[in-house]
file data25.txt (compact mmCIF, C-alpha atoms)
# COMPACT_ATOMS: atom_id res chain seq x y z
CA MET A 9 -15.65 -6.04 -5.01
CA ILE A 10 -12.56 -4.47 -3.51
CA SER A 11 -11.91 -2.89 -0.16
CA ILE A 12 -9.53 -2.11 2.63
CA THR A 13 -10.85 -2.82 6.10
CA LYS A 14 -10.03 -2.82 9.78
CA ASP A 15 -12.51 -5.66 10.36
CA VAL A 16 -11.76 -9.37 10.64
CA ILE A 17 -11.92 -11.05 7.22
CA ASP A 18 -14.44 -13.90 7.11
CA GLN A 19 -13.26 -16.26 4.37
CA LEU A 20 -16.47 -18.30 4.35
CA LYS A 21 -18.49 -15.17 3.77
CA ILE A 22 -16.15 -14.18 0.92
CA LEU A 23 -16.45 -17.66 -0.61
CA ASP A 24 -20.19 -17.26 -0.59
CA GLN A 25 -19.96 -13.86 -2.27
CA ILE A 26 -17.95 -15.11 -5.23
CA LYS A 27 -19.93 -18.30 -5.84
CA ASP A 28 -21.71 -18.15 -9.14
CA ASP A 29 -23.92 -20.77 -10.79
CA SER A 30 -22.32 -20.17 -14.18
CA SER A 31 -18.81 -20.69 -12.76
CA GLY A 32 -17.20 -24.08 -12.68
CA ALA A 33 -14.10 -22.78 -10.92
CA LEU A 34 -13.57 -20.81 -7.76
CA VAL A 35 -10.12 -19.88 -6.47
CA LEU A 36 -9.57 -18.23 -3.11
CA PHE A 37 -6.21 -17.02 -1.82
CA THR A 38 -5.77 -15.98 1.79
CA GLY A 39 -2.61 -14.45 3.22
CA SER A 40 -2.33 -14.72 6.97
CA VAL A 41 0.11 -13.78 9.71
CA ARG A 42 2.60 -16.54 10.37
CA ASN A 43 4.46 -17.14 13.58
CA ASN A 44 7.95 -16.70 12.16
CA SER A 45 10.01 -14.49 9.91
CA SER A 46 13.67 -14.02 9.08
CA LYS A 47 13.91 -11.94 12.27
CA GLY A 48 12.58 -14.67 14.58
CA LYS A 49 9.32 -15.63 16.27
CA VAL A 50 6.43 -13.32 15.40
CA MET A 51 3.55 -12.49 17.74
CA GLY A 52 1.62 -10.28 15.36
CA ILE A 53 1.79 -7.74 12.56
CA PHE A 54 0.63 -4.15 12.35
CA TYR A 55 -0.53 -3.15 8.84
CA GLU A 56 -0.72 0.46 7.71
CA ALA A 57 -2.01 1.72 4.36
CA TYR A 58 -2.37 4.87 2.26
CA GLU A 59 -5.99 3.90 2.05
CA GLU A 60 -7.28 6.23 -0.62
CA MET A 61 -4.44 5.27 -2.96
CA VAL A 62 -4.85 1.55 -2.22
CA GLY A 63 -8.54 1.86 -3.05
CA GLU A 64 -7.78 3.37 -6.46
CA ILE A 65 -5.11 0.80 -7.25
CA LEU A 66 -7.38 -2.09 -6.26
CA LYS A 67 -10.02 -0.72 -8.65
CA LYS A 68 -7.43 -0.66 -11.44
CA ILE A 69 -6.33 -4.24 -10.67
CA GLU A 70 -9.95 -5.35 -10.70
CA LYS A 71 -10.49 -3.67 -14.09
CA GLU A 72 -7.37 -5.32 -15.48
CA ILE A 73 -8.55 -8.72 -14.30
CA PHE A 74 -11.95 -8.38 -15.91
CA LYS A 75 -10.30 -7.15 -19.09
CA ASN A 76 -7.70 -9.91 -19.38
CA TRP A 77 -9.48 -12.99 -18.08
CA SER A 78 -12.92 -14.45 -18.38
CA VAL A 79 -13.98 -13.86 -14.78
CA LYS A 80 -17.45 -13.78 -13.31
CA LYS A 81 -16.70 -12.38 -9.86
CA PHE A 82 -13.62 -10.91 -8.19
CA ILE A 83 -12.98 -9.92 -4.60
CA ALA A 84 -9.83 -8.41 -3.07
CA ILE A 85 -9.73 -7.21 0.52
CA HIS A 86 -6.75 -6.11 2.60
CA ARG A 87 -6.98 -5.60 6.33
CA THR A 88 -5.16 -2.94 8.37
CA GLY A 89 -4.41 -2.55 12.04
CA TYR A 90 -2.91 -5.13 14.38
CA LEU A 91 -3.35 -8.79 13.44
CA LYS A 92 -2.39 -11.78 15.57
CA VAL A 93 -0.75 -14.94 14.24
CA GLY A 94 -3.22 -16.87 12.11
CA GLU A 95 -5.42 -13.92 11.23
CA ILE A 96 -6.07 -13.17 7.55
CA SER A 97 -4.44 -9.99 6.25
CA VAL A 98 -5.46 -10.28 2.61
CA ILE A 99 -7.96 -12.26 0.58
CA VAL A 100 -8.31 -12.55 -3.19
CA GLY A 101 -11.15 -14.57 -4.68
CA VAL A 102 -12.11 -15.28 -8.26
CA SER A 103 -14.87 -17.28 -9.92
CA SER A 104 -14.85 -18.17 -13.60
CA GLU A 105 -16.17 -20.82 -15.92
CA HIS A 106 -12.86 -22.67 -16.08
CA ARG A 107 -9.96 -23.11 -13.70
CA LYS A 108 -7.19 -21.63 -15.88
CA ASP A 109 -8.70 -18.16 -15.75
CA ALA A 110 -9.52 -18.46 -12.05
CA PHE A 111 -5.97 -19.48 -11.07
CA GLU A 112 -4.28 -16.91 -13.31
CA ALA A 113 -6.54 -14.04 -12.32
CA CYS A 114 -6.19 -14.80 -8.61
CA ASN A 115 -2.42 -15.00 -8.96
CA TYR A 116 -2.36 -11.69 -10.84
CA GLY A 117 -4.51 -10.14 -8.14
CA ILE A 118 -2.28 -11.01 -5.20
CA ASP A 119 0.94 -10.38 -7.11
CA ASN A 120 -0.19 -6.88 -8.03
CA ILE A 121 -1.48 -6.07 -4.56
CA LYS A 122 1.98 -6.91 -3.24
CA LYS A 123 3.88 -4.81 -5.76
CA ARG A 124 1.54 -1.85 -6.37
CA CYS A 125 -0.39 -1.13 -3.16
CA PRO A 126 1.10 1.31 -0.62
CA ILE A 127 0.73 -0.92 2.42
CA TRP A 128 3.36 -1.45 5.10
CA LYS A 129 3.77 -4.00 7.86
CA LYS A 130 5.53 -3.92 11.19
CA GLU A 131 6.29 -7.22 12.92
CA LYS A 132 5.92 -7.56 16.66
CA MET A 133 8.46 -10.12 17.79
CA GLN A 134 8.33 -12.50 20.71
CA SER A 135 11.46 -10.75 21.98
CA GLY A 136 9.39 -7.63 22.50
CA ASN A 137 10.92 -5.70 19.60
CA SER A 138 8.91 -4.36 16.71
CA GLU A 139 10.36 -3.75 13.28
CA TRP A 140 9.11 -2.45 9.94
CA VAL A 141 9.55 -5.16 7.33
CA GLU A 142 12.05 -4.28 4.63
CA GLY A 143 9.83 -3.96 1.62
CA VAL A 144 10.10 -3.58 -2.12
CA MET A 145 10.00 -0.42 -4.17
CA ILE A 146 6.42 0.26 -5.23
CA SER A 147 5.66 -0.35 -8.91
CA GLY A 148 4.24 2.66 -10.68
CA GLU A 149 1.45 2.45 -13.30
CA MET B 23 11.33 39.67 4.24
CA LYS B 24 9.32 37.04 2.45
CA ASN B 25 5.75 36.31 3.50
CA PHE B 26 4.94 32.62 3.39
CA THR B 27 1.31 32.18 2.45
CA GLU B 28 -0.84 29.08 2.16
CA ASP B 29 -0.05 29.21 -1.57
CA ARG B 30 3.52 28.22 -0.84
CA ILE B 31 3.00 25.46 1.69
CA LEU B 32 3.18 21.78 0.80
CA ARG B 33 1.58 19.20 3.06
CA ILE B 34 3.27 15.87 2.57
CA LYS B 35 1.65 12.67 3.80
CA LEU B 36 3.87 10.29 5.73
CA PHE B 37 3.46 6.56 6.26
CA GLY B 38 5.18 3.64 7.92
CA ILE B 39 8.65 4.21 9.21
CA PHE B 40 8.69 7.87 8.13
CA ARG B 41 5.47 8.62 10.02
CA GLU B 42 6.85 6.82 13.04
CA LYS B 43 10.28 8.48 13.05
CA LEU B 44 8.90 11.98 12.48
CA LYS B 45 5.98 11.33 14.85
CA SER B 46 3.53 12.87 12.46
CA ASN B 47 1.12 11.95 9.64
CA ASN B 48 2.18 15.03 7.68
CA LEU B 49 5.20 17.16 6.99
CA ILE B 50 4.82 20.87 6.24
CA ILE B 51 7.32 22.25 3.73
CA ARG B 52 7.48 25.91 2.73
CA ILE B 53 8.58 26.58 -0.83
CA ASN B 54 9.86 29.80 -2.38
CA ASP B 55 7.78 29.63 -5.55
CA ASN B 56 4.30 28.48 -6.46
CA SER B 57 5.62 25.09 -7.51
CA ILE B 58 8.64 22.86 -6.97
CA SER B 59 10.03 19.85 -8.78
CA LEU B 60 10.01 16.55 -6.93
CA LYS B 61 13.76 16.48 -7.49
CA ASP B 62 14.12 19.71 -5.49
CA LEU B 63 11.61 18.53 -2.93
CA ARG B 64 13.65 15.37 -2.42
CA LYS B 65 16.76 17.51 -1.92
CA ASN B 66 14.85 19.65 0.58
CA LEU B 67 13.82 16.57 2.58
CA GLU B 68 17.31 15.11 2.47
CA GLU B 69 18.81 18.35 3.75
CA SER B 70 16.15 18.82 6.43
CA TYR B 71 16.17 15.22 7.69
CA PRO B 72 19.44 13.67 6.51
CA SER B 73 19.42 10.66 8.82
CA LEU B 74 16.02 9.64 7.57
CA PHE B 75 15.83 10.67 3.94
CA MET B 76 19.44 10.78 2.82
CA ASN B 77 21.25 8.00 4.60
CA GLY B 78 18.18 6.04 5.42
CA ILE B 79 15.44 4.55 3.34
CA TYR B 80 14.93 5.23 -0.34
CA PHE B 81 11.49 6.51 -1.24
CA VAL B 82 9.38 7.66 -4.16
CA PHE B 83 6.68 10.28 -4.34
CA ALA B 84 3.00 9.79 -5.00
CA VAL B 85 1.24 12.83 -6.41
CA ASN B 86 -2.55 12.73 -6.36
CA LYS B 87 -2.29 9.01 -5.60
CA VAL B 88 -0.07 8.16 -8.60
CA ILE B 89 3.64 7.38 -8.41
CA ARG B 90 5.58 10.09 -10.22
CA ASN B 91 9.19 10.47 -11.21
CA ASP B 92 11.29 13.31 -9.87
CA ASN B 93 10.92 15.45 -13.01
CA VAL B 94 7.34 16.29 -12.11
CA GLU B 95 6.45 19.71 -10.69
CA VAL B 96 4.03 19.94 -7.78
CA THR B 97 2.05 22.77 -6.26
CA PRO B 98 0.35 23.23 -2.87
CA HIS B 99 -2.87 22.04 -4.51
CA ASP B 100 -1.44 18.57 -5.12
CA GLU B 101 -1.77 15.67 -2.68
CA ILE B 102 1.80 14.55 -2.12
CA ALA B 103 2.95 11.48 -0.22
CA VAL B 104 6.33 9.99 0.52
CA ILE B 105 6.24 6.25 -0.21
CA PRO B 106 8.91 4.06 1.39
CA PRO B 107 9.34 0.44 0.20
CA ILE B 108 6.06 -1.44 0.55
CA SER B 109 5.33 -4.76 2.25
CA GLY B 110 1.63 -5.45 2.00
CA GLY B 111 -0.17 -8.57 0.86
call {"tool": "encode", "arguments": {"input": "data25.txt", "output": "structure tokens"}}
result
Amino acid sequence: MISITKDVIDQLKILDQIKDDSSGALVLFTGSVRNNSSKGKVMGIFYEAYEEMVGEILKKIEKEIFKNWSVKKFIAIHRTGYLKVGEISVIVGVSSEHRKDAFEACNYGIDNIKKRCPIWKKEKMQSGNSEWVEGVMISGE
Amino acid sequence: MKNFTEDRILRIKLFGIFREKLKSNNLIIRINDNSISLKDLRKNLEESYPSLFMNGIYFVFAVNKVIRNDNVEVTPHDEIAVIPPISGG
């Protein structure tokens, strides 16, 4: 299951969704807003996305994961809008029979979201300034 | 005098810092022919908005939601977006 959402991400609900009786391993990654960056103290982050394109890329990443690893269930959700410190911006969850596949697939998921999905973030600083984070060039297909 | 019709108008989606600086979700570009290469479109943007597109942030184009190199030709029927460096995840 993949999606982009404006809603708060409930990690316990996601954990429940990827549990599987035939899986011995479950790996969940959450990325959340931290209170500091290279620019100073952070109050929150605004996330913006080219949603239709993100949706298509997430589907491709999901397909690649099922193709390359023995995975039972996969979830990847990215949130948009303004998030306060501590809130979850992205979650990637994998269940598989054994831990090697679960760890590798989850790692692949988050790595590829970061380098292939057209999503941008703007940090709101304690100083009152807001700045777009200097990103990386998007990876094509 | 040339008549610019809908057939020669590109609507380019903007995001992030580009959307913010230009205060718009879309940029309208009129082209002289029925299609234009992304290389020429880039030149057009750089000449029209030099502080943003030429001396500012490097970007790539997405055409119909796929990143394309500048050799590709686009028409007004294509969904075109300007993609600055990304920072999601």
call {"tool": "closest_residue", "arguments": {"input": "data25.txt", "among": "B:Ile50, B:Ile79, B:Val85, B:Ile105", "to": "Arg33 in chain B", "atoms": "only C-alpha atoms"}}
result
B:Ile50
call {"tool": "closest_residue", "arguments": {"input": "data25.txt", "among": "B:Lys87, B:Glu69, B:Thr97, B:Phe81", "to": "Val144 in chain A", "atoms": "all atoms listed in the file"}}
result
B:Phe81
call {"tool": "closest_residue", "arguments": {"input": "data25.txt", "among": "A:Leu23, A:Ala113, A:Ile69, A:Val62", "to": "chain B", "atoms": "all atoms listed in the file"}}
result
A:Val62
call {"tool": "closest_residue", "arguments": {"input": "data25.txt", "among": "A:Val35, A:Ile73, A:Met51, A:Val98", "to": "Ile121 in chain A", "atoms": "all atoms listed in the file"}}
result
A:Val98
call {"tool": "residues_around", "arguments": {"input": "data25.txt", "residues": "range 91-95 of chain B", "least_positions_apart": "5", "cutoff": "6 Å", "atoms": "all atoms listed in the file", "output": "list in words"}}
result
Ile58, Ser59, Leu60 and Lys61 of chain B
call {"tool": "closest_atom_pairs", "arguments": {"input": "data25.txt", "of": "chain B", "to": "chain A", "cutoff": "10 Å", "atoms": "all atoms listed in the file", "output": "Markdown table"}}
result
| residue | atom | partner | partner_atom | distance |
| --- | --- | --- | --- | --- |
| B:Lys35 | CA | A:Tyr58 | CA | 8.9 |
| B:Leu36 | CA | A:Tyr58 | CA | 9.0 |
| B:Phe37 | CA | A:Tyr58 | CA | 7.3 |
| B:Gly38 | CA | A:Trp128 | CA | 6.1 |
| B:Ile39 | CA | A:Trp140 | CA | 6.7 |
| B:Ile79 | CA | A:Glu142 | CA | 9.5 |
| B:Tyr80 | CA | A:Met145 | CA | 8.4 |
| B:Phe81 | CA | A:Met145 | CA | 7.7 |
| B:Val82 | CA | A:Ile146 | CA | 8.0 |
| B:Ala84 | CA | A:Met61 | CA | 8.9 |
| B:Asn86 | CA | A:Met61 | CA | 8.4 |
| B:Lys87 | CA | A:Met61 | CA | 5.1 |
| B:Val88 | CA | A:Gly148 | CA | 7.3 |
| B:Ile89 | CA | A:Gly148 | CA | 5.3 |
| B:Arg90 | CA | A:Gly148 | CA | 7.6 |
| B:Asn91 | CA | A:Gly148 | CA | 9.3 |
| B:Ala103 | CA | A:Tyr58 | CA | 8.8 |
| B:Ile105 | CA | A:Pro126 | CA | 7.1 |
| B:Pro106 | CA | A:Met145 | CA | 7.2 |
| B:Pro107 | CA | A:Met145 | CA | 4.5 |
| B:Ile108 | CA | A:Gly143 | CA | 4.7 |
| B:Ser109 | CA | A:Gly143 | CA | 4.6 |
| B:Gly110 | CA | A:Ile127 | CA | 4.6 |
| B:Gly111 | CA | A:Lys122 | CA | 4.9 |
call {"tool": "closest_residue", "arguments": {"input": "data25.txt", "among": "A:Ser31, A:Asn43, A:Ala110, A:Gly117", "to": "Ala84 in chain A", "atoms": "only C-alpha atoms"}}
result
A:Gly117
call {"tool": "closest_residue", "arguments": {"input": "data25.txt", "among": "B:Leu49, B:Ser57, B:Asn66, B:Glu42", "to": "Val96 in chain B", "atoms": "only C-alpha atoms"}}
result
B:Ser57
call {"tool": "build_atoms", "arguments": {"input": "data25.txt", "residues": "range 76-103 of chain A", "atoms": "N, CA and C atoms", "output": "JSON list (two decimals), in the coordinates of the input"}}
result
[["chain", "number", "residue", "atom", "x", "y", "z"],
["A", 76, "ASN", "N", -8.64, -8.92, -18.85],
["A", 76, "ASN", "CA", -7.70, -9.91, -19.38],
["A", 76, "ASN", "C", -8.09, -11.37, -19.18],
["A", 77, "TRP", "N", -9.04, -11.62, -18.32],
["A", 77, "TRP", "CA", -9.48, -12.99, -18.08],
["A", 77, "TRP", "C", -10.99, -13.06, -18.11],
["A", 78, "SER", "N", -11.48, -14.25, -18.37],
["A", 78, "SER", "CA", -12.92, -14.45, -18.38],
["A", 78, "SER", "C", -13.35, -14.77, -16.95],
["A", 79, "VAL", "N", -13.71, -13.76, -16.23],
["A", 79, "VAL", "CA", -13.98, -13.86, -14.78],
["A", 79, "VAL", "C", -15.41, -13.42, -14.51],
["A", 80, "LYS", "N", -16.07, -14.15, -13.65],
["A", 80, "LYS", "CA", -17.45, -13.78, -13.31],
["A", 80, "LYS", "C", -17.46, -12.83, -12.11],
["A", 81, "LYS", "N", -16.73, -13.22, -11.07],
["A", 81, "LYS", "CA", -16.70, -12.38, -9.86],
["A", 81, "LYS", "C", -15.27, -12.29, -9.33],
["A", 82, "PHE", "N", -14.96, -11.15, -8.74],
["A", 82, "PHE", "CA", -13.62, -10.91, -8.19],
["A", 82, "PHE", "C", -13.76, -10.17, -6.87],
["A", 83, "ILE", "N", -13.02, -10.63, -5.89],
["A", 83, "ILE", "CA", -12.98, -9.92, -4.60],
["A", 83, "ILE", "C", -11.52, -9.80, -4.15],
["A", 84, "ALA", "N", -11.17, -8.60, -3.67],
["A", 84, "ALA", "CA", -9.83, -8.41, -3.07],
["A", 84, "ALA", "C", -10.02, -7.50, -1.86],
["A", 85, "ILE", "N", -9.61, -7.99, -0.71],
["A", 85, "ILE", "CA", -9.73, -7.21, 0.52],
["A", 85, "ILE", "C", -8.42, -7.29, 1.29],
["A", 86, "HIS", "N", -7.93, -6.13, 1.75],
["A", 86, "HIS", "CA", -6.75, -6.11, 2.60],
["A", 86, "HIS", "C", -7.14, -5.49, 3.94],
["A", 87, "ARG", "N", -6.65, -6.08, 4.98],
["A", 87, "ARG", "CA", -6.98, -5.60, 6.33],
["A", 87, "ARG", "C", -5.85, -4.74, 6.87],
["A", 88, "THR", "N", -6.18, -3.76, 7.70],
["A", 88, "THR", "CA", -5.16, -2.94, 8.37],
["A", 88, "THR", "C", -5.35, -3.03, 9.88],
["A", 89, "GLY", "N", -4.37, -2.48, 10.59],
["A", 89, "GLY", "CA", -4.41, -2.55, 12.04],
["A", 89, "GLY", "C", -3.56, -3.70, 12.53],
["A", 90, "TYR", "N", -3.73, -4.06, 13.80],
["A", 90, "TYR", "CA", -2.91, -5.13, 14.38],
["A", 90, "TYR", "C", -3.58, -6.48, 14.22],
["A", 91, "LEU", "N", -2.84, -7.44, 13.65],
["A", 91, "LEU", "CA", -3.35, -8.79, 13.44],
["A", 91, "LEU", "C", -2.49, -9.79, 14.21],
["A", 92, "LYS", "N", -3.13, -10.73, 14.85],
["A", 92, "LYS", "CA", -2.39, -11.78, 15.57],
["A", 92, "LYS", "C", -2.03, -12.92, 14.61],
["A", 93, "VAL", "N", -1.14, -13.78, 15.05],
["A", 93, "VAL", "CA", -0.75, -14.94, 14.24],
["A", 93, "VAL", "C", -2.01, -15.74, 13.87],
["A", 94, "GLY", "N", -2.08, -16.09, 12.60],
["A", 94, "GLY", "CA", -3.22, -16.87, 12.11],
["A", 94, "GLY", "C", -4.32, -16.04, 11.48],
["A", 95, "GLU", "N", -4.36, -14.76, 11.79],
["A", 95, "GLU", "CA", -5.42, -13.92, 11.23],
["A", 95, "GLU", "C", -5.14, -13.59, 9.77],
["A", 96, "ILE", "N", -6.21, -13.43, 8.99],
["A", 96, "ILE", "CA", -6.07, -13.17, 7.55],
["A", 96, "ILE", "C", -5.83, -11.69, 7.31],
["A", 97, "SER", "N", -4.76, -11.39, 6.58],
["A", 97, "SER", "CA", -4.44, -9.99, 6.25],
["A", 97, "SER", "C", -4.96, -9.62, 4.87],
["A", 98, "VAL", "N", -5.02, -10.59, 3.98],
["A", 98, "VAL", "CA", -5.46, -10.28, 2.61],
["A", 98, "VAL", "C", -6.19, -11.50, 2.02],
["A", 99, "ILE", "N", -7.21, -11.19, 1.24],
["A", 99, "ILE", "CA", -7.96, -12.26, 0.58],
["A", 99, "ILE", "C", -8.24, -11.84, -0.87],
["A", 100, "VAL", "N", -8.01, -12.79, -1.77],
["A", 100, "VAL", "CA", -8.31, -12.55, -3.19],
["A", 100, "VAL", "C", -9.12, -13.74, -3.67],
["A", 101, "GLY", "N", -10.28, -13.48, -4.23],
["A", 101, "GLY", "CA", -11.15, -14.57, -4.68],
["A", 101, "GLY", "C", -11.64, -14.32, -6.09],
["A", 102, "VAL", "N", -11.67, -15.38, -6.86],
["A", 102, "VAL", "CA", -12.11, -15.28, -8.26],
["A", 102, "VAL", "C", -13.01, -16.45, -8.60],
["A", 103, "SER", "N", -14.08, -16.18, -9.35],
["A", 103, "SER", "CA", -14.87, -17.28, -9.92],
["A", 103, "SER", "C", -14.91, -17.10, -11.43]]
